[in-house]
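Q: Contents of coords.cif (mmCIF, C-alpha atoms) are given next:
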```cif
data_upload
loop_
_atom_site.label_atom_id
_atom_site.label_comp_id
_atom_site.auth_asym_id
_atom_site.auth_seq_id
_atom_site.Cartn_x
_atom_site.Cartn_y
_atom_site.Cartn_z
CA MET W 1 0.50 -25.47 32.74
CA VAL W 2 3.98 -26.55 31.63
CA VAL W 3 2.67 -27.27 28.12
CA ILE W 4 0.57 -24.09 28.05
CA ASN W 5 3.48 -21.97 29.27
CA PHE W 6 5.73 -23.46 26.58
CA ILE W 7 3.17 -22.75 23.84
CA VAL W 8 2.63 -19.19 25.06
CA ASN W 9 6.21 -18.24 25.90
CA GLU W 10 8.02 -20.07 23.10
CA ILE W 11 5.53 -19.79 20.19
CA LEU W 12 2.52 -17.49 20.62
CA SER W 13 4.44 -14.64 22.26
CA LYS W 14 7.08 -14.77 19.50
CA PRO W 15 5.26 -13.36 16.45
CA PHE W 16 8.01 -14.34 14.00
CA LEU W 17 7.57 -18.03 14.93
CA LEU W 18 3.79 -17.72 14.82
CA VAL W 19 3.73 -16.23 11.31
CA GLY W 20 6.43 -18.68 10.22
CA LEU W 21 4.34 -21.59 11.50
CA MET W 22 1.31 -20.28 9.60
CA ALA W 23 3.38 -19.92 6.42
CA LEU W 24 4.67 -23.48 6.86
CA VAL W 25 1.16 -24.89 7.32
CA GLY W 26 -0.16 -22.94 4.33
CA LEU W 27 2.64 -24.04 2.02
CA LEU W 28 2.24 -27.67 3.08
CA PHE W 29 -1.51 -27.48 2.37
CA LEU W 30 -0.68 -26.08 -1.08
CA LYS W 31 1.53 -29.17 -1.61
CA LYS W 32 4.51 -27.03 -2.58
CA PRO W 33 7.88 -28.71 -3.20
CA PHE W 34 10.18 -29.00 -0.17
CA SER W 35 12.49 -26.25 -1.45
CA ASP W 36 9.54 -23.81 -1.79
CA VAL W 37 8.22 -24.72 1.66
CA LEU W 38 11.63 -24.18 3.26
CA SER W 39 12.31 -20.95 1.37
CA GLY W 40 8.84 -19.49 1.95
CA THR W 41 8.84 -20.31 5.66
CA LEU W 42 12.33 -18.94 6.30
CA LYS W 43 11.75 -15.79 4.25
CA THR W 44 8.53 -15.11 6.17
CA ILE W 45 10.38 -15.47 9.50
CA VAL W 46 13.40 -13.45 8.36
CA GLY W 47 11.15 -10.72 6.94
CA PHE W 48 9.35 -10.45 10.26
CA LEU W 49 12.64 -10.38 12.16
CA ILE W 50 13.87 -7.57 9.89
CA LEU W 51 10.63 -5.67 10.61
CA ASN W 52 11.14 -6.39 14.32
CA ALA W 53 14.71 -5.11 14.19
CA GLY W 54 13.52 -1.86 12.63
CA ALA W 55 10.79 -1.51 15.25
CA GLY W 56 13.37 -2.15 17.98
CA LEU W 57 15.56 0.63 16.59
CA VAL W 58 12.58 2.99 16.61
CA ILE W 59 11.83 2.13 20.24
CA ASN W 60 15.47 2.68 21.25
CA THR W 61 15.64 6.08 19.57
CA LEU W 62 12.33 7.17 21.08
CA ALA W 63 13.51 6.58 24.67
CA PRO W 64 15.79 9.68 24.79
CA PHE W 65 13.24 11.59 22.69
CA GLY W 66 10.59 11.06 25.37
CA ASP W 67 12.99 11.99 28.16
CA MET W 68 13.88 15.24 26.42
CA ILE W 69 10.22 16.18 26.00
CA GLN W 70 9.56 15.54 29.70
CA ALA W 71 12.61 17.59 30.69
CA VAL W 72 11.88 20.54 28.38
CA PHE W 73 8.23 20.80 29.45
CA HIS W 74 8.79 19.71 33.10
CA LEU W 75 6.30 16.83 32.95
CA GLN W 76 5.71 14.26 35.69
CA GLY W 77 3.06 11.54 35.64
CA VAL W 78 2.09 8.12 34.30
CA VAL W 79 3.74 7.08 31.03
CA PRO W 80 1.79 4.39 29.09
CA THR W 81 4.23 1.62 28.16
CA ASN W 82 2.77 -1.80 27.38
CA GLU W 83 6.01 -3.70 27.92
CA ALA W 84 6.57 -2.17 31.37
CA ILE W 85 3.07 -2.79 32.75
CA VAL W 86 3.05 -6.37 31.39
CA ALA W 87 6.35 -7.06 33.18
CA LEU W 88 4.86 -5.77 36.46
CA ALA W 89 1.62 -7.75 36.03
CA MET W 90 3.40 -11.03 35.31
CA ALA W 91 4.60 -11.27 38.90
CA SER W 92 1.01 -11.74 40.15
CA PHE W 93 -0.90 -12.95 37.10
CA GLY W 94 1.63 -14.95 35.06
CA LYS W 95 -0.24 -18.29 35.01
CA GLN W 96 -3.59 -16.66 34.28
CA VAL W 97 -2.10 -14.64 31.42
CA ALA W 98 -0.62 -17.76 29.83
CA ALA W 99 -3.88 -19.69 30.08
CA ILE W 100 -6.01 -16.81 28.73
CA MET W 101 -3.65 -16.23 25.81
CA ALA W 102 -3.44 -19.89 24.77
CA LEU W 103 -7.19 -20.58 25.05
CA GLY W 104 -8.01 -17.19 23.53
CA PHE W 105 -5.96 -17.92 20.39
CA VAL W 106 -7.80 -21.25 19.99
CA ILE W 107 -11.12 -19.38 20.30
CA ASN W 108 -9.94 -16.89 17.65
CA LEU W 109 -9.29 -19.82 15.30
CA LEU W 110 -12.70 -21.31 16.16
CA PHE W 111 -14.54 -18.03 15.49
CA ALA W 112 -12.61 -17.58 12.24
CA TRP W 113 -13.73 -21.08 11.21
CA VAL W 114 -17.44 -20.80 12.07
CA THR W 115 -18.24 -17.14 11.30
CA PRO W 116 -17.85 -15.04 8.13
CA ALA W 117 -15.14 -13.01 9.94
CA LYS W 118 -12.18 -15.16 8.81
CA TYR W 119 -9.40 -13.22 10.51
CA VAL W 120 -6.53 -15.06 12.21
CA PHE W 121 -4.75 -12.70 14.61
CA LEU W 122 -0.98 -13.18 14.26
CA THR W 123 0.44 -10.27 16.27
CA GLY W 124 1.48 -12.45 19.18
CA HIS W 125 2.77 -9.79 21.54
CA HIS W 126 -0.55 -7.92 21.33
CA LEU W 127 -2.38 -11.12 22.25
CA LEU W 128 -0.05 -11.32 25.26
CA TYR W 129 -0.76 -7.70 26.26
CA LEU W 130 -4.53 -8.16 25.88
CA ALA W 131 -4.42 -11.38 27.91
CA THR W 132 -2.54 -9.47 30.60
CA VAL W 133 -4.99 -6.58 30.91
CA LEU W 134 -7.95 -9.00 30.97
CA ALA W 135 -6.32 -11.18 33.64
CA VAL W 136 -5.64 -8.07 35.76
CA VAL W 137 -9.07 -6.42 35.54
CA ILE W 138 -11.06 -9.65 35.93
CA GLY W 139 -8.89 -10.90 38.78
CA SER W 140 -8.87 -7.52 40.53
CA ALA W 141 -12.70 -7.60 40.51
CA GLY W 142 -12.64 -10.88 42.46
CA VAL W 143 -13.26 -13.42 39.66
CA THR W 144 -10.35 -15.88 39.76
CA GLY W 145 -9.28 -19.39 38.77
CA VAL W 146 -10.96 -21.24 35.90
CA ASN W 147 -13.70 -18.63 35.56
CA GLN W 148 -11.09 -15.89 35.14
CA THR W 149 -9.40 -17.89 32.38
CA ILE W 150 -12.60 -18.74 30.47
CA LEU W 151 -14.02 -15.22 30.64
CA GLY W 152 -10.72 -13.65 29.61
CA ALA W 153 -10.20 -16.14 26.77
CA ILE W 154 -13.68 -15.55 25.31
CA MET W 155 -13.10 -11.80 25.35
CA LEU W 156 -9.63 -12.16 23.84
CA GLY W 157 -10.78 -14.52 21.08
CA THR W 158 -13.70 -12.25 20.27
CA ILE W 159 -11.64 -9.06 20.10
CA ALA W 160 -8.92 -10.75 18.02
CA THR W 161 -11.58 -11.81 15.50
CA VAL W 162 -13.78 -8.74 15.28
CA MET W 163 -11.39 -5.79 15.38
CA PRO W 164 -9.58 -6.73 12.11
CA ALA W 165 -13.05 -7.26 10.57
CA PHE W 166 -14.31 -3.81 11.54
CA LEU W 167 -11.18 -2.24 10.04
CA GLN W 168 -11.03 -4.34 6.88
CA PRO W 169 -13.04 -2.01 4.60
CA PHE W 170 -10.52 0.71 5.41
CA THR W 171 -7.52 -1.64 5.37
CA ASP W 172 -8.43 -2.60 1.81
CA ARG W 173 -8.42 1.10 0.87
CA VAL W 174 -5.00 1.55 2.49
CA THR W 175 -3.40 -1.50 0.85
CA GLY W 176 -5.36 -1.75 -2.39
CA ASN W 177 -6.83 -5.16 -1.46
CA ALA W 178 -3.43 -6.67 -0.70
CA GLY W 179 -4.94 -9.74 0.98
CA PHE W 180 -4.15 -9.14 4.65
CA ALA W 181 -5.84 -7.46 7.63
CA LEU W 182 -4.52 -5.27 10.42
CA GLY W 183 -3.98 -7.14 13.68
CA HIS W 184 -2.93 -4.33 16.03
CA LEU W 185 -4.96 -3.52 19.12
CA ASN W 186 -5.24 0.20 18.68
CA SER W 187 -8.02 -0.60 16.21
CA LEU W 188 -10.52 1.77 17.84
CA GLY W 189 -8.11 4.63 17.12
CA TYR W 190 -7.72 3.57 13.48
CA LEU W 191 -11.45 3.08 13.05
CA VAL W 192 -12.18 6.56 14.42
CA SER W 193 -9.42 8.05 12.25
CA SER W 194 -10.87 6.35 9.16
CA LEU W 195 -14.39 7.57 9.90
CA VAL W 196 -13.23 11.10 10.70
CA GLY W 197 -11.32 11.17 7.41
CA LYS W 198 -14.42 9.97 5.57
CA TRP W 199 -16.62 12.61 7.22
CA PHE W 200 -14.32 15.64 7.15
CA GLY W 201 -11.70 14.95 4.49
CA LYS W 202 -13.78 15.26 1.34
CA GLY W 203 -11.73 16.95 -1.38
CA SER W 204 -8.48 16.85 0.60
CA LYS W 205 -5.49 15.62 -1.39
CA SER W 206 -3.48 12.66 -0.16
CA ALA W 207 -0.52 13.43 2.08
CA GLU W 208 1.50 11.26 -0.27
CA GLU W 209 0.86 13.78 -3.10
CA ILE W 210 2.32 16.83 -1.38
CA GLN W 211 3.79 19.05 -4.11
CA VAL W 212 7.49 19.73 -3.70
CA SER W 213 9.55 22.25 -5.66
CA ASP W 214 12.33 20.88 -7.86
CA LYS W 215 14.78 22.90 -5.75
CA VAL W 216 14.05 20.60 -2.83
CA SER W 217 13.22 17.49 -4.83
CA PHE W 218 15.01 15.34 -2.26
CA LEU W 219 11.93 15.84 -0.04
CA LYS W 220 9.92 13.71 -2.46
CA GLU W 221 11.58 10.69 -0.86
CA PRO W 222 9.57 9.79 2.29
CA ILE W 223 12.59 8.31 4.06
CA VAL W 224 14.60 11.48 3.43
CA THR W 225 11.75 13.70 4.67
CA THR W 226 11.24 11.59 7.79
CA THR W 227 14.94 11.62 8.59
CA ILE W 228 15.29 15.41 8.17
CA VAL W 229 12.25 16.13 10.34
CA MET W 230 13.45 13.79 13.09
CA ILE W 231 16.98 15.22 13.02
CA LEU W 232 15.56 18.72 13.49
CA LEU W 233 13.30 17.60 16.34
CA TYR W 234 16.06 15.68 18.12
CA VAL W 235 18.62 18.46 17.85
CA ILE W 236 16.22 21.24 18.89
CA LEU W 237 14.99 19.24 21.90
CA ALA W 238 18.57 18.35 22.86
CA VAL W 239 19.60 22.02 22.85
CA PHE W 240 16.70 22.98 25.11
CA ALA W 241 16.96 19.91 27.37
CA GLY W 242 20.71 20.21 27.90
CA PRO W 243 23.45 17.57 28.15
CA ALA W 244 22.42 16.24 31.58
CA VAL W 245 19.22 14.66 30.21
CA LEU W 246 21.13 12.68 27.56
CA ALA W 247 24.07 11.77 29.79
CA LYS W 248 22.73 8.24 30.44
CA TYR W 249 22.44 7.63 26.69
CA ASP W 250 25.29 9.36 24.89
CA ALA W 251 28.21 7.43 26.46
CA GLY W 252 30.24 10.63 26.91
CA SER W 253 29.91 11.89 23.34
CA ASN W 254 28.75 15.38 22.42
CA TYR W 255 25.03 15.51 23.20
CA VAL W 256 24.09 17.49 20.08
CA MET W 257 25.94 15.03 17.85
CA TYR W 258 24.25 12.20 19.71
CA ALA W 259 20.85 13.76 18.94
CA LEU W 260 21.83 14.14 15.27
CA ILE W 261 22.80 10.46 15.08
CA GLN W 262 19.50 9.44 16.72
CA GLY W 263 17.59 11.30 14.02
CA LEU W 264 19.59 9.47 11.34
CA THR W 265 19.03 6.16 13.13
CA PHE W 266 15.28 6.78 13.22
CA GLY W 267 15.23 7.25 9.45
CA SER W 268 17.21 4.06 8.89
CA ALA W 269 14.83 2.17 11.21
CA ILE W 270 11.85 3.18 9.06
CA ALA W 271 13.69 1.95 5.95
CA ILE W 272 14.41 -1.38 7.65
CA ILE W 273 10.75 -1.77 8.66
CA MET W 274 9.57 -1.19 5.10
CA TYR W 275 12.01 -3.73 3.66
CA GLY W 276 10.99 -6.36 6.23
CA VAL W 277 7.30 -5.78 5.55
CA ARG W 278 7.69 -6.33 1.81
CA MET W 279 9.74 -9.49 2.33
CA MET W 280 7.29 -11.00 4.84
CA LEU W 281 4.12 -10.20 2.90
CA GLY W 282 5.62 -11.52 -0.32
CA GLU W 283 5.68 -15.00 1.24
CA LEU W 284 2.97 -15.02 3.92
CA VAL W 285 -0.05 -13.82 1.93
CA PRO W 286 0.31 -16.48 -0.83
CA ALA W 287 0.95 -19.16 1.82
CA PHE W 288 -2.32 -18.24 3.52
CA GLN W 289 -4.13 -19.47 0.43
CA GLY W 290 -3.28 -22.98 1.63
CA ILE W 291 -4.83 -22.36 5.05
CA ALA W 292 -7.83 -20.78 3.33
CA THR W 293 -8.42 -23.81 1.12
CA ARG W 294 -7.83 -26.57 3.68
CA LEU W 295 -8.10 -25.40 7.30
CA ILE W 296 -10.16 -22.18 7.58
CA PRO W 297 -11.90 -21.31 4.29
CA ASN W 298 -11.05 -17.77 3.13
CA ALA W 299 -8.73 -17.20 6.11
CA VAL W 300 -7.05 -13.78 6.22
CA PRO W 301 -3.89 -13.06 8.26
CA ALA W 302 -4.18 -10.10 10.64
CA LEU W 303 -0.70 -8.55 10.96
CA ASP W 304 1.13 -5.88 12.96
CA CYS W 305 0.71 -2.17 12.16
CA PRO W 306 4.09 -1.53 10.43
CA THR W 307 2.77 -3.65 7.54
CA VAL W 308 0.78 -0.60 6.36
CA PHE W 309 3.66 1.89 6.64
CA PRO W 310 5.00 1.34 3.08
CA TYR W 311 1.61 2.33 1.62
CA ALA W 312 1.70 5.89 3.04
CA PRO W 313 5.06 6.74 4.67
CA THR W 314 4.48 10.50 4.71
CA SER W 315 1.20 9.94 6.55
CA VAL W 316 3.09 7.92 9.17
CA LEU W 317 5.24 10.93 10.02
CA ILE W 318 2.26 13.31 10.04
CA GLY W 319 0.28 10.92 12.23
CA PHE W 320 3.14 10.52 14.71
CA LEU W 321 3.69 14.25 15.21
CA VAL W 322 0.00 15.21 15.31
CA SER W 323 -0.81 12.32 17.67
CA ILE W 324 1.76 13.72 20.11
CA LEU W 325 -0.01 17.08 19.88
CA GLY W 326 -3.31 15.34 20.65
CA GLY W 327 -1.63 13.63 23.59
CA VAL W 328 -0.43 16.97 24.98
CA VAL W 329 -3.93 18.45 24.68
CA GLY W 330 -5.37 15.32 26.33
CA MET W 331 -2.81 15.64 29.13
CA LEU W 332 -3.95 19.22 29.79
CA LEU W 333 -7.52 17.91 30.17
CA MET W 334 -6.56 15.41 32.89
CA GLY W 335 -6.75 17.96 35.73
CA PRO W 336 -10.21 19.37 34.90
CA LEU W 337 -11.51 15.79 34.37
CA GLY W 338 -10.08 14.66 37.73
CA LEU W 339 -7.95 11.94 36.12
CA ALA W 340 -4.34 10.84 36.57
CA LEU W 341 -1.83 12.82 34.51
CA ILE W 342 -0.92 10.71 31.46
CA ILE W 343 2.39 11.76 29.87
CA PRO W 344 2.52 11.17 26.09
CA GLY W 345 4.52 7.99 25.49
CA MET W 346 6.57 8.19 22.31
CA ILE W 347 6.28 4.48 21.44
CA PRO W 348 2.45 4.34 21.30
CA HIS W 349 2.27 7.74 19.64
CA PHE W 350 4.65 6.64 16.89
CA PHE W 351 3.12 3.26 16.09
CA ASP W 352 -0.51 4.13 16.90
CA GLY W 353 -0.39 7.72 15.70
CA GLY W 354 1.52 6.85 12.54
CA THR W 355 -0.97 4.12 11.65
CA ALA W 356 -3.91 6.41 12.45
CA GLY W 357 -2.39 8.89 9.99
CA VAL W 358 -2.27 6.19 7.30
CA TYR W 359 -5.94 5.28 7.81
CA GLY W 360 -7.11 8.89 8.05
CA ASN W 361 -5.24 9.71 4.85
CA ALA W 362 -6.81 6.74 3.03
CA THR W 363 -10.32 8.08 3.61
CA GLY W 364 -9.76 11.83 3.91
CA GLY W 365 -6.35 12.80 2.57
CA ARG W 366 -4.18 15.23 4.51
CA ARG W 367 -7.14 16.57 6.48
CA GLY W 368 -8.15 13.07 7.49
CA ALA W 369 -4.58 12.19 8.51
CA ILE W 370 -4.29 15.29 10.68
CA ILE W 371 -7.71 15.20 12.37
CA GLY W 372 -7.73 11.41 12.72
CA SER W 373 -4.30 11.16 14.32
CA PHE W 374 -5.08 14.12 16.62
CA ILE W 375 -8.17 12.31 17.93
CA ASN W 376 -6.07 9.14 18.25
CA GLY W 377 -3.68 11.12 20.47
CA LEU W 378 -6.60 12.18 22.67
CA LEU W 379 -7.89 8.60 22.90
CA ILE W 380 -4.56 7.05 23.93
CA THR W 381 -4.27 9.68 26.65
CA VAL W 382 -7.78 9.70 28.14
CA LEU W 383 -8.54 5.96 27.90
CA PRO W 384 -5.39 4.84 29.81
CA ALA W 385 -6.38 7.24 32.61
CA LEU W 386 -9.87 5.72 32.79
CA LEU W 387 -8.44 2.17 32.80
CA LEU W 388 -6.41 2.78 35.98
CA ALA W 389 -9.54 2.50 38.15
CA TYR W 390 -9.99 -1.17 37.11
CA MET W 391 -6.43 -2.39 37.60
CA GLY W 392 -6.38 -2.92 41.37
CA THR W 393 -2.99 -2.29 42.94
CA LEU W 394 -1.39 -2.05 39.48
CA GLY W 395 -3.44 1.12 38.97
CA LEU W 396 -0.98 2.83 41.33
CA ALA W 397 2.06 2.00 39.14
CA ASN W 398 3.79 4.77 37.19
CA THR W 399 2.94 3.11 33.88
CA THR W 400 -0.12 1.56 32.20
CA PHE W 401 -1.39 0.18 28.89
CA GLY W 402 -1.21 2.61 25.98
CA ASP W 403 -3.36 1.36 23.09
CA THR W 404 -7.10 1.99 22.77
CA ASP W 405 -8.26 -1.63 22.56
CA PHE W 406 -6.38 -2.67 25.69
CA CYS W 407 -8.05 0.21 27.51
CA TRP W 408 -11.65 -0.18 26.39
CA ALA W 409 -11.44 -3.98 26.69
CA GLY W 410 -10.03 -3.61 30.19
CA ILE W 411 -12.76 -1.18 31.22
CA VAL W 412 -15.53 -3.40 29.78
CA GLY W 413 -13.99 -6.55 31.26
CA GLY W 414 -13.60 -4.90 34.64
CA LEU W 415 -17.19 -3.66 34.68
CA MET W 416 -18.57 -7.10 33.79
CA ALA W 417 -16.38 -8.87 36.34
CA ARG W 418 -17.72 -6.56 39.06
CA MET W 419 -21.18 -8.04 38.42
CA GLY W 420 -20.01 -11.33 39.96
CA THR W 421 -19.24 -14.62 38.23
CA ALA W 422 -22.74 -15.29 36.88
CA GLY W 423 -23.22 -11.69 35.76
CA ALA W 424 -19.80 -11.71 34.13
CA TYR W 425 -20.63 -14.84 32.09
CA ILE W 426 -23.89 -13.31 30.88
CA GLY W 427 -22.12 -10.07 29.99
CA VAL W 428 -19.19 -11.73 28.20
CA ILE W 429 -21.44 -14.05 26.17
CA LEU W 430 -23.60 -11.10 25.07
CA PHE W 431 -20.41 -9.17 24.31
CA ALA W 432 -19.15 -11.99 22.07
CA VAL W 433 -22.47 -12.59 20.31
CA VAL W 434 -23.12 -8.92 19.52
CA LEU W 435 -19.59 -8.15 18.30
CA LEU W 436 -19.33 -11.33 16.23
CA ALA W 437 -22.70 -10.58 14.63
CA LEU W 438 -21.58 -7.05 13.74
CA ALA W 439 -18.22 -8.29 12.43
CA SER W 440 -19.97 -10.93 10.32
CA TYR W 441 -22.31 -8.30 8.89
CA VAL W 442 -19.38 -6.02 7.98
CA THR W 443 -17.50 -8.94 6.39
CA VAL W 444 -20.46 -10.15 4.32
CA ARG W 445 -21.26 -6.62 3.18
CA LEU W 446 -17.62 -6.04 2.19
CA LYS W 447 -17.56 -9.28 0.21
CA LYS W 448 -20.73 -8.32 -1.65
CA SER W 449 -19.34 -4.90 -2.50
CA LYS W 450 -16.26 -6.53 -4.03
CA THR W 451 -18.29 -8.90 -6.19
CA ALA W 452 -20.90 -6.34 -7.25
#
```
Is it possible to express this structure as C-alpha cells?
A:
Amino acid sequence: MVVINFIVNEILSKPFLLVGLMALVGLLFLKKPFSDVLSGTLKTIVGFLILNAGAGLVINTLAPFGDMIQAVFHLQGVVPTNEAIVALAMASFGKQVAAIMALGFVINLLFAWVTPAKYVFLTGHHLLYLATVLAVVIGSAGVTGVNQTILGAIMLGTIATVMPAFLQPFTDRVTGNAGFALGHLNSLGYLVSSLVGKWFGKGSKSAEEIQVSDKVSFLKEPIVTTTIVMILLYVILAVFAGPAVLAKYDAGSNYVMYALIQGLTFGSAIAIIMYGVRMMLGELVPAFQGIATRLIPNAVPALDCPTVFPYAPTSVLIGFLVSILGGVVGMLLMGPLGLALIIPGMIPHFFDGGTAGVYGNATGGRRGAIIGSFINGLLITVLPALLLAYMGTLGLANTTFGDTDFCWAGIVGGLMARMGTAGAYIGVILFAVVLLALASYVTVRLKKSKTA
C-alpha cells in the first residue's frame, strides 16, 4: 500500500507529471537527442501547469459567482463539487480509492494494448474522482476488500478506455483530426450534445461565425467577448446580491469594483488556458508517436476538456451560460420528481457546459451548442440527485459528484454491487465486454472512414 499510495498520490493524481512521464517515454522511444527529450518533456509539463493555473483562476472566480447566484435567488440545497466530496470520502475509503485508481490505470493500458480502442486516459484527477465514487458505491453496498478493489478497477479501466472512443468521431470534428482524444468524465454530456447538434442543428451556422458590425469589431475577439459578458454578469449579480455576500472575498474593497475585477480575471484565465493548451499539445502529441510505435500501437492520449477550448471559444461561453439555465430548470424539477434539490455548481457548469457547447457547435452550429449545453445542464443536475441514493452515509452530505460519467458509473456500480459479490462480478464483466466491444466497433469504423 505504501508503494501504491506513492504512485497514486505523487504521480497518477498529478496530471502534469503523468503527461510529462508519457512525453518522456514517447521521446525516448523515438530516440530523440537528449536536448529534445529534456525540452519536450519540460514544455509538456509547463504547458499543463499553465493550463492548470488558468483553470485554478477560473475556479477561484466562480466561487463568489456561485454565492451571488444563491443569494440573489435564495437557493439552499446540495451543490455538486467533485473536490469537496472526494475530500469527505477519503476519510473512510482512502486505501480503496488508491488501489482502485492504480490498478484501474493499469487495466486502461492493458485494454488500450489489446483492443482497437487505443486511448490512454491522462486526466489523472478524473481517474481519482472516478475511483472515489466507485469505492464509495461498491463499499456502501457491502462489497469490500479485494473484491471491492478488483470490481472498481475493472469498471474504471473500462470507462477510461471506452468513453474517449465513443467521443472520438466528434472530437475529430472539433479539433480537425489533431491527434488527441478527450479524457474528461462528463463524456455522456458531450456525446448527447454532439448527437443533439447532429439531429437538430442542420443548417445552423457555427457560433464562431457570428457576424459582428464593424462598429463593435472588438467583439470579434473571443477573449474580449468573454470578458465583457462576465464583467456584466458579475457586476449585475453583485448589485442585486449586496456587499454582505462578497464580504468574505473582497478584503474590504468596494464590492462592485471587486466584481468588475473578477470579470477581468475570468477573461485572463481563459487566455492562460488557451496558451497552456497550445504549448502542451505542441509537444505531447508528437511524443505519443513514440508510444504508438513501441509500447501501444496507435496509442492516442486522452486529455482534459480545456484542450478543446481554443477550437471554439465563443461556444465555450455559450455552453457555460446555457448549461446554467439547464441546471436551473433541472433544479425546479427536483421537487416534482421527489429528488434532493441540486443547486447549479458553477465549476461543473463552466467546464462541462462549455465543452458541451463546443461539441454541440461542431455538429450543429449555434443551435447545437445551445440545445446540447442546455441538456447537459439538465443531466448534471438530475444525475447527481439520483446518485445520492447509492452513496451510503455520504449521500447525506451537502455536496456530491457533478459530472455525468461519475454519476451514471456510480449508479451502475451501486446497482451491480447490491447483487452480491458473485452477481457483481458477472455484471461488471458483462459491462466491460459490452462497452469494449462497442468502443472497438466505433474505433474501427472511424478508422475505415478516414482511409476511405
Q: For a cutoff of 9 Å around the file-coordinate point (-5.2, -17.5, 28.1), which residues qualify once you count only C-alpha atoms? I'd like the result as a PyMOL selection string.
A: chain W and resi 4+8+95-105+128+131-132+135+149-150+152-153+156
Q: Starting from the PyMOL selection byres ((chain W and resi 124) around 10), expand the selection into actual residues of this file and give them as an NGL selection string.
A: :W and (8 or 11-19 or 101 or 105 or 121-123 or 125-130 or 183-184 or 303-304)
Q: Report as an mmCIF file with C-alpha atoms, in the frame of the given file the residues that result from applying the PyMOL selection byres ((chain W and resi 117) around 9) to the structure here.
A:
```cif
data_model
loop_
_atom_site.group_PDB
_atom_site.id
_atom_site.type_symbol
_atom_site.label_atom_id
_atom_site.label_comp_id
_atom_site.auth_asym_id
_atom_site.auth_seq_id
_atom_site.Cartn_x
_atom_site.Cartn_y
_atom_site.Cartn_z
ATOM 1 C CA PHE W 111 -14.540 -18.030 15.490
ATOM 2 C CA ALA W 112 -12.610 -17.580 12.240
ATOM 3 C CA TRP W 113 -13.730 -21.080 11.210
ATOM 4 C CA VAL W 114 -17.440 -20.800 12.070
ATOM 5 C CA THR W 115 -18.240 -17.140 11.300
ATOM 6 C CA PRO W 116 -17.850 -15.040 8.130
ATOM 7 C CA LYS W 118 -12.180 -15.160 8.810
ATOM 8 C CA TYR W 119 -9.400 -13.220 10.510
ATOM 9 C CA THR W 161 -11.580 -11.810 15.500
ATOM 10 C CA VAL W 162 -13.780 -8.740 15.280
ATOM 11 C CA PRO W 164 -9.580 -6.730 12.110
ATOM 12 C CA ALA W 165 -13.050 -7.260 10.570
ATOM 13 C CA ALA W 299 -8.730 -17.200 6.110
ATOM 14 C CA VAL W 300 -7.050 -13.780 6.220
ATOM 15 C CA LEU W 436 -19.330 -11.330 16.230
ATOM 16 C CA ALA W 439 -18.220 -8.290 12.430
ATOM 17 C CA SER W 440 -19.970 -10.930 10.320
ATOM 18 C CA TYR W 441 -22.310 -8.300 8.890
ATOM 19 C CA VAL W 442 -19.380 -6.020 7.980
ATOM 20 C CA THR W 443 -17.500 -8.940 6.390
ATOM 21 C CA VAL W 444 -20.460 -10.150 4.320
#
```
Q: Do you know which residues are at most 9 Å from Met230 (chain W) counting all atoms listed in the file, after dropping those on the same chain fewer than 2 positions away, and could you put them as a ChimeraX atom specification?
A: /W:225-228,232-235,260,262-264,266-267
Q: Would you kindly return, as a list in words, each protein, DNA or RNA residue with an atom no farther than 6 Å from any atom of region 319-334 of chain W, considering all atoms listed in the file and excluding same-chain residues fewer than 4 positions away?
A: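 Listed by chain and then number, they are Ser315, Leu339, Leu341, Ile342, Pro344, His349, Phe350, Gly353, Gly354, Gly357, Ser373, Phe374, Gly377, Leu378 and Thr381 of chain W.
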Q: Give the answer as one residue: which of W:Gly427, W:Gly94, W:Pro310, W:Gly26 has the shortest atom-to-atom distance to Ile223 (chain W), using all atoms listed in the file?
A: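 Of all the options, W:Pro310 lies closest to Ile223 (chain W).
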Q: Env of Val245 (chain W): 9 Å cut, atoms = only C-alpha atoms, seq-sep filter 3 positions within chain, self excluded. Answer as a ChimeraX atom specification.
A: /W:64,67-68,71,238,241-242,248-249
Q: I'd like the neighbourhood of Thr421 (chain W) as a ChimeraX atom specification, where a residue qualifies if any of its atoms comes within 12 Å (using only C-alpha atoms), though same-chain residues fewer than 6 positions away should be ignored.
A: /W:138-139,141-151,413-415,427-428
Q: Give me, as JSON, numbers by chain, all polymer residues having an atom no more than 12 Å from Ala292 (chain W), counting all atoms listed in the file and skipping those fewer than 3 positions away in the same chain.
A: {"W": [22, 23, 25, 26, 27, 29, 30, 112, 113, 118, 119, 120, 179, 285, 286, 287, 288, 289, 295, 296, 297, 298, 299, 300, 301]}
Q: How many Å separate CA of Asn52 (chain W) from CA of Met257 (chain W)?
A: 26.3 Å
Q: Choose the residue, out of W:Ala356, W:Ala409, W:Ala91, W:Ala160, that has the smallest atom-to-atom separation from Leu317 (chain W); count only C-alpha atoms.
A: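 Smallest separation from Leu317 (chain W) among the options: W:Ala356.
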Q: Rounded to one decimal in Å, what is the spacing between CA of Val79 (chain W) and CA of Thr404 (chain W)?
A: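 Result for CA of Val79 (chain W) versus CA of Thr404 (chain W): 14.5 Å, one decimal.
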Q: Could you tell me how far CA of Glu208 (chain W) sits from CA of Pro313 (chain W), in Å to one decimal place?
A: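 Straight-line distance from CA of Pro313 (chain W) to CA of Glu208 (chain W) works out to 7.6 Å.
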Q: Once the PyMOL selection byres ((chain W and resi 189) around 8) has been evaluated on this model, what residues remain selected, and can you format them as a VMD selection string?
A: chain W and resid 186 to 188 190 to 193 352 356 375 to 376 379 404
